[in-house]
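With compact mmCIF, C-alpha atoms and all ligand atoms inside, this is input01.txt:
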```txt
# COMPACT_ATOMS: atom_id res chain seq x y z
CA MET A 1 -35.43 52.79 2.44
CA ASN A 2 -38.88 52.40 3.88
CA LYS A 3 -38.09 54.14 7.17
CA GLY A 4 -40.49 54.18 10.09
CA ILE A 5 -40.22 56.15 13.30
CA GLU A 6 -36.94 57.26 14.81
CA ILE A 7 -35.76 54.83 17.52
CA ALA A 8 -32.55 56.41 18.75
CA ARG A 9 -30.11 59.21 17.98
CA GLY A 10 -26.36 59.28 18.65
CA LYS A 11 -23.78 62.00 18.08
CA THR A 12 -23.20 60.97 14.46
CA LYS A 13 -26.10 58.71 13.51
CA VAL A 14 -29.85 58.22 13.67
CA LEU A 15 -31.66 54.85 13.90
CA TYR A 16 -35.09 54.24 12.39
CA GLU A 17 -37.47 51.33 12.40
CA LEU A 18 -37.95 49.59 9.05
CA GLN A 19 -41.65 49.49 8.31
CA GLY A 20 -43.03 45.96 8.33
CA SER A 21 -39.72 44.39 9.50
CA PRO A 22 -39.44 44.41 13.29
CA ASP A 23 -36.06 42.62 13.26
CA GLN A 24 -34.39 45.18 11.01
CA VAL A 25 -33.31 48.77 11.55
CA VAL A 26 -32.10 51.60 9.30
CA VAL A 27 -28.91 53.38 10.42
CA ALA A 28 -28.32 56.81 8.87
CA GLN A 29 -24.93 58.45 9.43
CA THR A 30 -24.91 62.25 9.63
CA ASP A 31 -22.48 65.02 8.69
CA SER A 32 -21.64 65.69 12.36
CA ILE A 33 -18.19 65.29 13.81
CA SER A 34 -17.50 65.70 17.49
CA ALA A 35 -14.75 65.21 20.04
CA GLY A 36 -14.26 65.47 23.77
CA ASP A 37 -17.65 63.89 24.62
CA GLY A 38 -19.35 66.44 22.37
CA ALA A 39 -17.47 69.48 23.73
CA ARG A 40 -16.26 70.19 20.17
CA ARG A 41 -18.82 69.70 17.44
CA ASN A 42 -18.97 70.61 13.74
CA GLU A 43 -20.76 69.72 10.55
CA ILE A 44 -18.75 68.63 7.51
CA PRO A 45 -21.10 68.44 4.51
CA GLY A 46 -20.63 65.03 2.89
CA LYS A 47 -19.09 63.39 5.97
CA GLY A 48 -22.19 61.21 6.51
CA ARG A 49 -21.83 59.87 2.99
CA LEU A 50 -18.16 58.97 3.56
CA ALA A 51 -18.89 57.49 7.00
CA ALA A 52 -21.69 55.29 5.61
CA GLN A 53 -19.46 54.13 2.75
CA THR A 54 -16.60 53.32 5.11
CA THR A 55 -18.85 51.48 7.57
CA ALA A 56 -20.61 49.46 4.87
CA ARG A 57 -17.28 48.44 3.27
CA VAL A 58 -15.75 47.44 6.59
CA PHE A 59 -18.79 45.39 7.59
CA ARG A 60 -18.95 43.78 4.15
CA LEU A 61 -15.37 42.66 4.60
CA LEU A 62 -16.09 41.27 8.09
CA ASN A 63 -19.18 39.44 6.79
CA LEU A 64 -17.15 37.92 3.93
CA CYS A 65 -14.63 36.66 6.48
CA GLY A 66 -17.50 34.95 8.34
CA LEU A 67 -17.47 37.24 11.38
CA PRO A 68 -20.95 37.91 12.78
CA THR A 69 -22.04 41.53 12.24
CA HIS A 70 -25.39 43.31 12.23
CA TYR A 71 -24.84 44.62 8.68
CA LEU A 72 -27.23 43.51 5.94
CA SER A 73 -27.00 45.98 3.04
CA GLY A 74 -26.79 49.58 1.85
CA GLY A 75 -24.65 52.54 2.80
CA GLU A 76 -22.42 52.55 -0.26
CA ASP A 77 -24.60 53.95 -3.01
CA ASP A 78 -26.79 56.97 -3.37
CA ASP A 79 -29.05 55.93 -0.50
CA ASN A 80 -29.06 58.88 1.93
CA ASN A 81 -26.15 57.35 3.87
CA GLU A 82 -28.51 54.66 5.14
CA MET A 83 -27.66 51.05 5.80
CA LEU A 84 -29.92 48.19 6.74
CA VAL A 85 -28.90 46.21 9.82
CA ARG A 86 -30.26 43.49 12.04
CA ARG A 87 -31.92 44.94 15.12
CA CYS A 88 -29.88 44.51 18.32
CA ASN A 89 -30.01 45.34 21.96
CA MET A 90 -26.75 47.20 22.29
CA ILE A 91 -24.31 46.34 25.06
CA PRO A 92 -23.18 49.65 26.60
CA LEU A 93 -19.47 48.97 26.13
CA GLU A 94 -16.76 50.28 23.85
CA VAL A 95 -14.26 47.51 23.20
CA VAL A 96 -10.86 48.91 22.23
CA VAL A 97 -8.13 46.81 20.64
CA ARG A 98 -4.62 48.23 20.57
CA GLY A 99 -1.76 47.09 18.35
CA VAL A 100 0.38 50.16 18.96
CA ALA A 101 0.49 52.33 22.08
CA ALA A 102 -1.24 55.69 21.57
CA GLY A 103 -4.04 57.88 22.87
CA SER A 104 -5.46 57.29 26.34
CA PHE A 105 -3.32 54.15 26.74
CA VAL A 106 -0.04 56.10 26.89
CA LYS A 107 -1.60 58.61 29.28
CA ARG A 108 -2.61 55.79 31.63
CA ASN A 109 0.65 53.86 31.15
CA PRO A 110 3.43 56.46 31.09
CA GLY A 111 6.07 53.70 31.22
CA ILE A 112 5.08 52.50 27.75
CA GLY A 113 6.44 54.62 24.94
CA ARG A 114 4.07 56.07 22.36
CA GLY A 115 4.27 53.96 19.21
CA ALA A 116 5.36 50.77 21.02
CA LEU A 117 4.14 47.63 19.28
CA MET A 118 1.72 45.63 21.42
CA VAL A 119 1.78 41.88 20.91
CA PRO A 120 -0.38 40.23 22.06
CA ARG A 121 -2.93 42.95 21.39
CA VAL A 122 -4.28 44.81 24.38
CA ILE A 123 -8.06 44.65 24.77
CA GLU A 124 -9.79 47.24 26.96
CA PHE A 125 -13.42 47.78 27.86
CA PHE A 126 -15.00 51.19 28.48
CA TYR A 127 -18.47 51.64 29.94
CA LYS A 128 -20.54 53.98 27.76
CA ASP A 129 -21.50 56.87 29.98
CA ASP A 130 -20.93 60.40 28.59
CA ALA A 131 -21.48 62.06 31.98
CA GLU A 132 -18.65 59.93 33.44
CA HIS A 133 -16.52 60.22 30.25
CA ASP A 134 -16.80 56.51 29.38
CA PRO A 135 -14.78 55.07 32.29
CA MET A 136 -12.64 52.00 31.85
CA ILE A 137 -14.22 48.83 33.24
CA SER A 138 -12.69 45.44 34.00
CA PRO A 139 -14.11 42.13 32.69
CA ASP A 140 -14.94 41.16 36.30
CA ALA A 141 -16.89 44.38 36.84
CA ILE A 142 -18.75 43.87 33.54
CA VAL A 143 -19.96 40.50 34.83
CA ALA A 144 -20.58 41.69 38.42
CA ARG A 145 -22.73 44.57 37.16
CA GLY A 146 -24.71 42.28 34.89
CA ILE A 147 -23.66 44.11 31.71
CA ALA A 148 -22.61 40.83 30.05
CA ASN A 149 -21.99 37.27 31.19
CA PRO A 150 -18.50 35.68 31.27
CA ASN A 151 -19.05 33.81 28.02
CA GLU A 152 -20.10 37.04 26.28
CA VAL A 153 -17.02 38.84 27.60
CA GLY A 154 -14.91 36.04 26.07
CA VAL A 155 -16.74 36.22 22.74
CA MET A 156 -16.48 40.02 22.58
CA THR A 157 -12.75 39.83 23.32
CA GLU A 158 -12.17 37.24 20.59
CA LEU A 159 -14.35 38.97 17.98
CA ALA A 160 -12.80 42.38 18.68
CA ARG A 161 -9.33 40.88 18.33
CA LEU A 162 -10.25 39.12 15.06
CA THR A 163 -11.79 42.34 13.70
CA PHE A 164 -8.59 44.19 14.52
CA GLU A 165 -6.41 41.56 12.84
CA VAL A 166 -8.54 41.51 9.68
CA LEU A 167 -8.56 45.31 9.37
CA SER A 168 -4.90 45.48 10.28
CA HIS A 169 -4.13 43.07 7.41
CA ALA A 170 -6.25 45.11 4.97
CA TRP A 171 -4.53 48.36 5.96
CA ARG A 172 -1.06 46.78 5.91
CA LYS A 173 -1.61 45.90 2.24
CA ARG A 174 -1.95 49.66 1.67
CA ASP A 175 1.14 50.46 3.74
CA VAL A 176 -1.01 51.90 6.52
CA LEU A 177 -0.56 50.93 10.18
CA LEU A 178 -3.74 50.26 12.13
CA VAL A 179 -2.88 51.58 15.58
CA ASP A 180 -6.08 50.95 17.51
CA LEU A 181 -9.77 50.33 16.97
CA LYS A 182 -13.05 50.70 18.83
CA VAL A 183 -15.94 48.29 18.26
CA GLU A 184 -19.31 47.79 19.89
CA PHE A 185 -21.52 44.73 20.24
CA GLY A 186 -25.22 43.98 20.37
CA ARG A 187 -27.43 40.98 21.03
CA LEU A 188 -29.74 40.17 18.12
CA SER A 189 -33.25 41.07 19.22
CA GLY A 190 -35.09 38.61 16.96
CA GLY A 191 -34.76 35.92 14.32
CA PRO A 192 -33.41 32.38 14.65
CA ASP A 193 -30.16 33.60 16.32
CA LYS A 194 -31.98 35.77 18.83
CA GLY A 195 -29.62 36.79 21.66
CA ALA A 196 -26.43 36.02 19.68
CA LEU A 197 -23.64 38.58 19.91
CA VAL A 198 -22.81 40.50 16.76
CA ILE A 199 -20.41 43.30 15.92
CA ALA A 200 -22.72 46.29 15.69
CA ASP A 201 -22.87 50.12 15.65
CA VAL A 202 -20.57 51.62 13.01
CA ILE A 203 -16.90 51.18 12.16
CA ASP A 204 -15.70 54.22 10.28
CA ASN A 205 -12.85 56.71 10.22
CA ASP A 206 -13.88 57.90 13.71
CA SER A 207 -13.36 54.39 15.13
CA TRP A 208 -9.62 53.86 14.63
CA ARG A 209 -6.22 55.45 14.45
CA ILE A 210 -4.39 54.84 11.17
CA TRP A 211 -0.86 55.97 10.40
CA PRO A 212 0.29 55.71 6.74
CA GLN A 213 3.83 54.29 6.54
CA GLY A 214 3.63 53.87 10.32
CA ARG A 215 4.16 57.64 10.69
CA GLU A 216 1.87 59.37 13.16
CA GLU A 217 2.30 62.76 11.49
CA LEU A 218 0.66 61.34 8.33
CA MET A 219 -2.50 60.25 10.21
CA LEU A 220 -5.75 60.12 8.23
CA ASP A 221 -8.30 59.46 11.00
CA LYS A 222 -10.42 61.52 13.37
CA GLN A 223 -7.42 62.28 15.56
CA MET A 224 -6.69 65.01 12.98
CA TYR A 225 -9.89 66.74 14.09
CA ARG A 226 -9.27 66.14 17.80
CA ASN A 227 -5.80 67.70 17.43
CA LEU A 228 -6.95 70.89 15.64
CA GLU A 229 -5.97 74.06 17.46
CA THR A 230 -8.19 76.23 15.30
CA VAL A 231 -11.32 74.81 13.75
CA ASP A 232 -11.99 76.80 10.59
CA ASP A 233 -13.25 76.01 7.09
CA ALA A 234 -9.77 75.29 5.76
CA ALA A 235 -9.02 72.86 8.62
CA LEU A 236 -12.37 71.08 8.18
CA ALA A 237 -11.75 70.81 4.43
CA GLN A 238 -8.48 69.03 5.19
CA VAL A 239 -10.24 66.65 7.56
CA LYS A 240 -12.83 65.91 4.88
CA GLN A 241 -10.11 65.21 2.34
CA ALA A 242 -8.62 62.59 4.67
CA TYR A 243 -12.06 60.99 5.17
CA GLU A 244 -12.49 60.84 1.38
CA GLN A 245 -9.13 59.17 0.96
CA VAL A 246 -10.00 56.62 3.67
CA ALA A 247 -13.42 55.80 2.15
CA ASP A 248 -11.68 55.21 -1.21
CA LEU A 249 -8.99 52.98 0.28
CA VAL A 250 -11.54 50.97 2.28
CA GLY A 251 -13.46 50.45 -0.99
CA MET A 252 -10.82 47.87 -1.94
CA PHE A 253 -11.12 45.93 1.34
CA PRO A 254 -14.05 43.60 0.55
CA VAL A 255 -12.64 42.53 -2.79
CA MET A 256 -11.73 38.87 -2.86
CA ARG A 257 -8.82 37.76 -5.03
CA PRO A 258 -8.96 34.06 -4.30
CA GLY A 259 -6.81 32.67 -7.12
CA MET A 260 -7.19 29.11 -8.34
CA ALA A 261 -6.35 25.73 -6.81
CA ALA A 262 -5.51 23.02 -9.35
CA VAL A 263 -6.02 19.67 -7.61
CA ILE A 264 -4.25 16.94 -9.57
CA GLY A 265 -4.20 13.21 -8.85
CA ASP A 266 -1.80 10.70 -10.42
CA THR A 267 -4.38 7.92 -11.02
CA GLY A 268 -8.13 7.52 -11.34
CA GLU A 269 -8.08 5.88 -7.90
CA ARG A 270 -7.45 9.28 -6.35
CA THR A 271 -10.86 10.62 -7.39
CA GLU A 272 -12.34 10.31 -3.91
CA SER A 273 -9.39 12.10 -2.33
CA ILE A 274 -9.46 14.79 -5.03
CA ASN A 275 -13.15 15.40 -4.31
CA ALA A 276 -12.52 15.61 -0.55
CA VAL A 277 -9.80 18.22 -1.14
CA VAL A 278 -12.03 20.19 -3.51
CA ALA A 279 -14.92 20.17 -1.00
CA ALA A 280 -12.66 21.49 1.77
CA LEU A 281 -11.29 24.25 -0.49
CA GLN A 282 -14.76 25.23 -1.64
CA GLN A 283 -15.83 25.68 1.97
CA LEU A 284 -13.24 28.42 2.18
CA GLY A 285 -14.55 29.94 -1.03
CA LEU A 286 -11.55 28.88 -3.12
CA PRO A 287 -12.25 28.09 -6.76
CA THR A 288 -10.79 24.80 -7.96
CA VAL A 289 -10.11 22.73 -11.07
CA ARG A 290 -9.59 18.95 -10.95
CA HIS A 291 -7.44 16.72 -13.14
CA VAL A 292 -5.86 13.29 -13.27
CA ALA A 293 -2.43 13.19 -14.92
CA SER A 294 0.30 10.63 -14.39
CA PRO A 295 4.03 11.46 -14.37
CA SER A 296 4.87 7.91 -15.55
CA LYS A 297 2.05 7.22 -18.03
CA THR A 298 1.13 10.70 -19.35
CA PRO A 299 4.11 12.97 -18.53
CA GLY A 300 3.40 15.14 -21.56
CA TYR A 301 -0.09 15.81 -20.27
CA VAL A 302 1.24 16.86 -16.84
CA LEU A 303 3.50 19.40 -18.54
CA GLN A 304 0.74 20.58 -20.85
CA LEU A 305 -1.63 21.07 -17.88
CA VAL A 306 0.96 23.10 -16.01
CA GLN A 307 1.50 25.38 -19.00
CA GLN A 308 -2.22 25.77 -19.74
CA LEU A 309 -3.17 26.52 -16.14
CA GLU A 310 -0.30 28.96 -15.61
CA ALA A 311 -1.25 30.80 -18.80
CA THR A 312 -4.88 31.03 -17.67
CA PHE A 313 -4.88 31.85 -13.94
CA ALA A 314 -3.11 34.40 -11.81
CA ARG A 315 -2.42 33.34 -8.21
CA LEU A 316 -2.46 29.68 -9.13
CA PHE A 317 -1.27 26.88 -6.91
CA PHE A 318 -1.23 23.10 -7.26
CA VAL A 319 -2.26 20.36 -4.88
CA ALA A 320 -0.59 17.05 -5.75
CA VAL A 321 -2.65 14.03 -4.76
CA ASP A 322 -0.28 11.09 -5.04
CA GLU A 323 1.40 8.54 -2.84
CA ASP A 324 4.97 8.16 -4.07
CA GLY A 325 5.70 11.89 -4.49
CA SER A 326 6.60 11.67 -8.19
CA LEU A 327 3.68 13.86 -9.34
CA ARG A 328 4.58 16.42 -6.72
CA ALA A 329 8.23 16.36 -7.86
CA MET A 330 7.24 16.82 -11.50
CA LEU A 331 4.87 19.70 -10.73
CA ASP A 332 7.57 21.29 -8.59
CA SER A 333 10.13 21.24 -11.35
CA ALA A 334 7.77 22.16 -14.21
CA SER A 335 5.80 24.98 -12.64
CA SER A 336 6.60 28.37 -11.14
CA SER A 337 3.55 28.18 -8.84
CA PRO A 338 3.52 26.76 -5.29
CA VAL A 339 2.81 23.02 -4.99
CA LEU A 340 1.21 21.60 -1.86
CA ASP A 341 1.11 17.97 -0.75
CA TRP A 342 -2.00 16.03 0.02
CA ARG A 343 -1.41 14.60 3.50
CA GLY A 344 -4.70 12.83 4.13
CA ASP A 345 -6.53 15.60 6.02
CA PRO A 346 -8.58 17.90 3.76
CA SER A 347 -9.19 20.57 6.43
CA GLU A 348 -5.46 20.82 7.22
CA LEU A 349 -4.75 21.24 3.54
CA ALA A 350 -7.50 23.88 3.22
CA LEU A 351 -5.94 25.81 6.09
CA ASP A 352 -2.52 25.69 4.39
CA CYS A 353 -4.05 26.92 1.12
CA ALA A 354 -5.94 29.73 2.85
CA LYS A 355 -2.73 30.81 4.59
CA LEU A 356 -0.88 30.82 1.30
CA LEU A 357 -3.45 32.96 -0.50
CA GLY A 358 -4.22 34.93 2.67
CA LEU A 359 -0.83 36.58 2.32
CA GLU A 360 -2.44 38.75 -0.36
CA ASP A 361 -6.17 38.31 0.25
CA THR A 362 -7.69 39.79 3.40
CA VAL A 363 -10.92 37.78 3.09
CA LEU A 364 -9.02 34.49 3.09
CA TYR A 365 -6.75 35.75 5.83
CA GLY A 366 -9.85 36.50 7.96
CA ARG A 367 -11.37 33.10 7.18
CA THR A 368 -8.12 31.46 8.26
CA LEU A 369 -8.13 33.33 11.57
CA LEU A 370 -11.76 32.39 12.16
CA MET A 371 -11.10 28.70 11.41
CA GLN A 372 -8.24 28.74 13.89
CA ALA A 373 -10.33 30.54 16.53
CA ASN A 374 -13.17 28.03 16.09
CA ALA A 375 -10.72 25.11 16.37
CA ARG A 376 -9.32 26.64 19.58
CA SER A 377 -12.75 27.16 21.07
CA ALA A 378 -13.78 23.57 20.17
CA VAL A 379 -10.80 22.28 22.19
CA LEU A 380 -11.57 24.57 25.13
CA HIS A 381 -15.22 23.54 25.01
CA ALA A 382 -14.33 19.83 25.01
CA ASP A 383 -11.99 20.39 27.95
CA ALA A 384 -14.66 22.32 29.87
CA LEU A 385 -17.12 19.47 29.32
CA LEU A 386 -14.63 16.99 30.79
CA GLN A 387 -14.22 19.16 33.88
CA GLN A 388 -17.94 19.03 34.62
CA PRO A 389 -18.66 16.45 37.32
CA ALA A 390 -20.58 13.40 36.08
CA PRO A 391 -24.01 13.17 37.72
CA GLY A 392 -23.66 11.78 41.24
CA SER A 393 -19.84 11.90 41.26
CA MET A 394 -17.48 13.90 43.50
CA PRO A 395 -16.64 17.39 42.20
CA ALA A 396 -13.63 17.36 39.86
CA GLY A 397 -10.31 18.28 41.44
CA GLY A 398 -11.60 17.67 44.95
CA ALA A 399 -8.12 17.80 46.45
CA LEU A 400 -9.38 19.12 49.81
CA GLY A 401 -11.56 16.03 50.34
P1 LIG B 1 -8.34 56.15 23.18
O1 LIG B 1 -8.82 55.34 24.36
O2 LIG B 1 -6.87 56.00 22.97
O3 LIG B 1 -8.79 57.57 23.25
O4 LIG B 1 -9.07 55.54 21.88
C1 LIG B 1 -8.79 54.25 21.43
C2 LIG B 1 -9.45 54.03 20.07
O5 LIG B 1 -10.86 54.01 20.23
C3 LIG B 1 -9.16 55.12 19.06
O6 LIG B 1 -9.06 54.53 17.78
C4 LIG B 1 -10.38 56.02 19.09
O7 LIG B 1 -10.63 56.61 17.85
C5 LIG B 1 -11.48 55.02 19.47
N1 LIG B 1 -12.51 55.63 20.30
C6 LIG B 1 -12.44 55.88 21.62
N2 LIG B 1 -13.60 56.44 22.07
C7 LIG B 1 -14.40 56.55 21.01
C8 LIG B 1 -15.73 57.05 20.80
O8 LIG B 1 -16.43 57.52 21.71
N3 LIG B 1 -16.23 56.98 19.54
C9 LIG B 1 -15.50 56.48 18.51
N4 LIG B 1 -16.03 56.44 17.29
N5 LIG B 1 -14.26 55.98 18.67
C10 LIG B 1 -13.70 56.03 19.89
```
Encoding of this model in structure tokens:
Amino acid sequence: MNKGIEIARGKTKVLYELQGSPDQVVVAQTDSISAGDGARRNEIPGKGRLAAQTTARVFRLLNLCGLPTHYLSGGEDDDNNEMLVRRCNMIPLEVVVRGVAAGSFVKRNPGIGRGALMVPRVIEFFYKDDAEHDPMISPDAIVARGIANPNEVGVMTELARLTFEVLSHAWRKRDVLLVDLKVEFGRLSGGPDKGALVIADVIDNDSWRIWPQGREELMLDKQMYRNLETVDDAALAQVKQAYEQVADLVGMFPVMRPGMAAVIGDTGERTESINAVVAALQQLGLPTVRHVASPSKTPGYVLQLVQQLEATFARLFFVAVDEDGSLRAMLDSASSSPVLDWRGDPSELALDCAKLLGLEDTVLYGRTLLMQANARSAVLHADALLQQPAPGSMPAGGALG
């Protein structure tokens, strides 16, 4: 990449300007590995390559889900471990999401057993300050100290939680338990979304705890390195092997397996409804085929369609667009694929479809979570607007007056 001057240097990465593009930055991950605020430090040749691959694949997955990240391109191929990202002003916080009790959480909460499942997820903020060992900080203190405003604290909490759920789903498919995760955020420093919060920094095998089969002793993450009693070549080779395995597994994360939705109406009058369903499904990135086939007038064609589609597509499902339910009943009895009903609301149907396919597909699972989060925040926003006093009126809830 057309790197300019060095802007910043962390323990495991270096940031460069991109010549001629003030809103973009090159992030290069290095072969360093460190623990205990840098008290232990080693070089593992090839680690930067694996870290860049892992980060790029994780961010590609998050981008596909529609989550806002700083990642643009690079990091996966033979490109000096460099990725291109949108330039941000970093918020000096580490946001940790925990699904299982481990690490510093069990030290601070001795009453909670190591390995306990945490639902809802626990979200913690740590202020980035090596000299003070990254102390924990409350949301109120973040606002009081001007580190972020209340809305940003809410957005960071929600995005961190969504990131955890998406990665947790991807790991679960590989029989690996995502225990906890650290993410960082930045505000875009230019472009049309200037100031918007995005998931930034890196997310690699140093950022999480992962336990294959839910067994801590099989861990594949940086905790292996933190736990080493003796750091020698053999131990570092084992750590590297785990990082290689993780980069390979994460390579499958951003692969979408969306399947096929066959939207079938029972008369030509359903064309408008069929098109509304198709538009909603396409917004989620689901491929579709459309047909009209009538159980009473062309029953043979309904059966033929079912057989043809099932022979052509894996992960197929049907959407029956009819009023009396007879098409749905016929599809149900003739096909081995799921059949969904058209109930008049295309976005509700799209959500059902995404949930169905999201069982296997992490991208669709992430898109489903994001749709739900956006729907929640629209309701909260509408409620907040109603609570604002109309110009010239008494303040809402003025019970004291
Ligand atoms: P804990 O607070 O239990 O030590 O860490 C919680 C999670 O955040 C773990 O997945 C850990 O790997 C990650 N984490 C905590 N601090 C750091 C840090 O300084 N850098 C990175 N990359 N990850 C961290």
Exercise. Using all atoms listed in the file, what residues lie at most 10 Å away from (-0.2, 57.0, 5.2) (file coordinates), given as a ChimeraX atom specification?
Worked result: /A:171,174-177,210-220,246
Would you mind listing, for every residue of chain A within 7 Å of ligand LIG 1 (chain B), the two atoms forming the shortest contact and the distance between them in Å to one decimal, using only C-alpha atoms and all ligand atoms, sorted by chain and ascending residue number, as CSV?
```
residue,atom,partner,partner_atom,distance
A:Val96,CA,B:LIG1,O5,5.5
A:Ala102,CA,B:LIG1,O2,5.8
A:Gly103,CA,B:LIG1,O2,3.4
A:Ser104,CA,B:LIG1,O2,3.9
A:Phe105,CA,B:LIG1,O2,5.5
A:Asp180,CA,B:LIG1,O6,4.7
A:Leu181,CA,B:LIG1,O6,4.3
A:Lys182,CA,B:LIG1,O5,4.2
A:Asp206,CA,B:LIG1,N4,4.4
A:Ser207,CA,B:LIG1,N5,4.0
A:Trp208,CA,B:LIG1,O6,3.3
A:Arg209,CA,B:LIG1,O6,4.5
A:Lys222,CA,B:LIG1,O7,6.7
A:Gln223,CA,B:LIG1,O7,6.9
```
Seminar exercise, completed: In terms of all atoms listed in the file, the residue from A:Tyr243, A:Phe318, A:Tyr225, A:Phe164 at minimal distance from Gly46 (chain A) is A:Tyr243
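Of note, CA of Val100 (chain A) and CA of Arg114 (chain A) are spaced 7.8 Å apart.
Of the residues listed (A:Ser294, A:Thr157, A:Thr12, A:Ser337), A:Ser337 shows the shortest atom-to-atom separation from Ala314 (chain A); distances use only C-alpha atoms.
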For this session: Rank nothing, just name the residue among A:Pro68, A:Arg98, A:Arg108, A:Glu360 nearest to Met136 (chain A), using all atoms listed in the file.
Result: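 Ranked by minimum distance to Met136 (chain A), first place goes to A:Arg108.
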For this session: Find the spatial neighbours of region 339-356 of chain A, counting only C-alpha atoms, within a cut-off of 7 Å - ignore same-chain residues fewer than 3 positions away - and output them as a VMD selection string.
Result: chain A and resid 276 to 277 280 to 281 317 to 321 331 to 332 359 364 to 365 368
Exercise. Which one is closest to Gly115 (chain A): A:Ala101, A:Ala141, A:Leu18, A:Val85? Count only C-alpha atoms.
Worked result: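 Ranked by minimum distance to Gly115 (chain A), first place goes to A:Ala101.
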For this session: Quote the spacing between CA of Val292 (chain A) and CA of Ala279 (chain A) in Å to one decimal place.
Result: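 Between CA of Val292 (chain A) and CA of Ala279 (chain A) the gap works out to 16.7 Å.
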Determine, for each residue of region 192-272 of chain A having at least one atom at most 7 Å from an atom of region 56-59 of chain A, the closest pair of atoms and their separation in Å to one decimal, counting only C-alpha atoms; order by chain and ascending number, as a tab-separated table.
```
residue	atom	partner	partner_atom	distance
A:Ile203	CA	A:Val58	CA	6.8
A:Val250	CA	A:Arg57	CA	6.4
A:Gly251	CA	A:Arg57	CA	6.1
A:Phe253	CA	A:Arg57	CA	6.9
A:Pro254	CA	A:Arg57	CA	6.4
```
Exercise. Which residues, protein or nucleic acid, reach to within 10 Å of (-26.2, 42.9, 9.9) in the file's coordinates when using only C-alpha atoms, and can you give that as a VMD selection string?
Worked result: chain A and resid 24 to 25 56 59 to 60 63 68 to 73 83 to 88 188 198 to 201
Selection above as a file: C-alpha atoms, as a PDB file, keeping the file's coordinate frame:
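Result saved to again37.pdb:
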```
ATOM      1  CA  GLN A  24     -34.390  45.180  11.010  1.00  0.00           C
ATOM      2  CA  VAL A  25     -33.310  48.770  11.550  1.00  0.00           C
ATOM      3  CA  ALA A  56     -20.610  49.460   4.870  1.00  0.00           C
ATOM      4  CA  PHE A  59     -18.790  45.390   7.590  1.00  0.00           C
ATOM      5  CA  ARG A  60     -18.950  43.780   4.150  1.00  0.00           C
ATOM      6  CA  ASN A  63     -19.180  39.440   6.790  1.00  0.00           C
ATOM      7  CA  PRO A  68     -20.950  37.910  12.780  1.00  0.00           C
ATOM      8  CA  THR A  69     -22.040  41.530  12.240  1.00  0.00           C
ATOM      9  CA  HIS A  70     -25.390  43.310  12.230  1.00  0.00           C
ATOM     10  CA  TYR A  71     -24.840  44.620   8.680  1.00  0.00           C
ATOM     11  CA  LEU A  72     -27.230  43.510   5.940  1.00  0.00           C
ATOM     12  CA  SER A  73     -27.000  45.980   3.040  1.00  0.00           C
ATOM     13  CA  MET A  83     -27.660  51.050   5.800  1.00  0.00           C
ATOM     14  CA  LEU A  84     -29.920  48.190   6.740  1.00  0.00           C
ATOM     15  CA  VAL A  85     -28.900  46.210   9.820  1.00  0.00           C
ATOM     16  CA  ARG A  86     -30.260  43.490  12.040  1.00  0.00           C
ATOM     17  CA  ARG A  87     -31.920  44.940  15.120  1.00  0.00           C
ATOM     18  CA  CYS A  88     -29.880  44.510  18.320  1.00  0.00           C
ATOM     19  CA  LEU A 188     -29.740  40.170  18.120  1.00  0.00           C
ATOM     20  CA  VAL A 198     -22.810  40.500  16.760  1.00  0.00           C
ATOM     21  CA  ILE A 199     -20.410  43.300  15.920  1.00  0.00           C
ATOM     22  CA  ALA A 200     -22.720  46.290  15.690  1.00  0.00           C
ATOM     23  CA  ASP A 201     -22.870  50.120  15.650  1.00  0.00           C
TER      24      ASP A 201
END
```
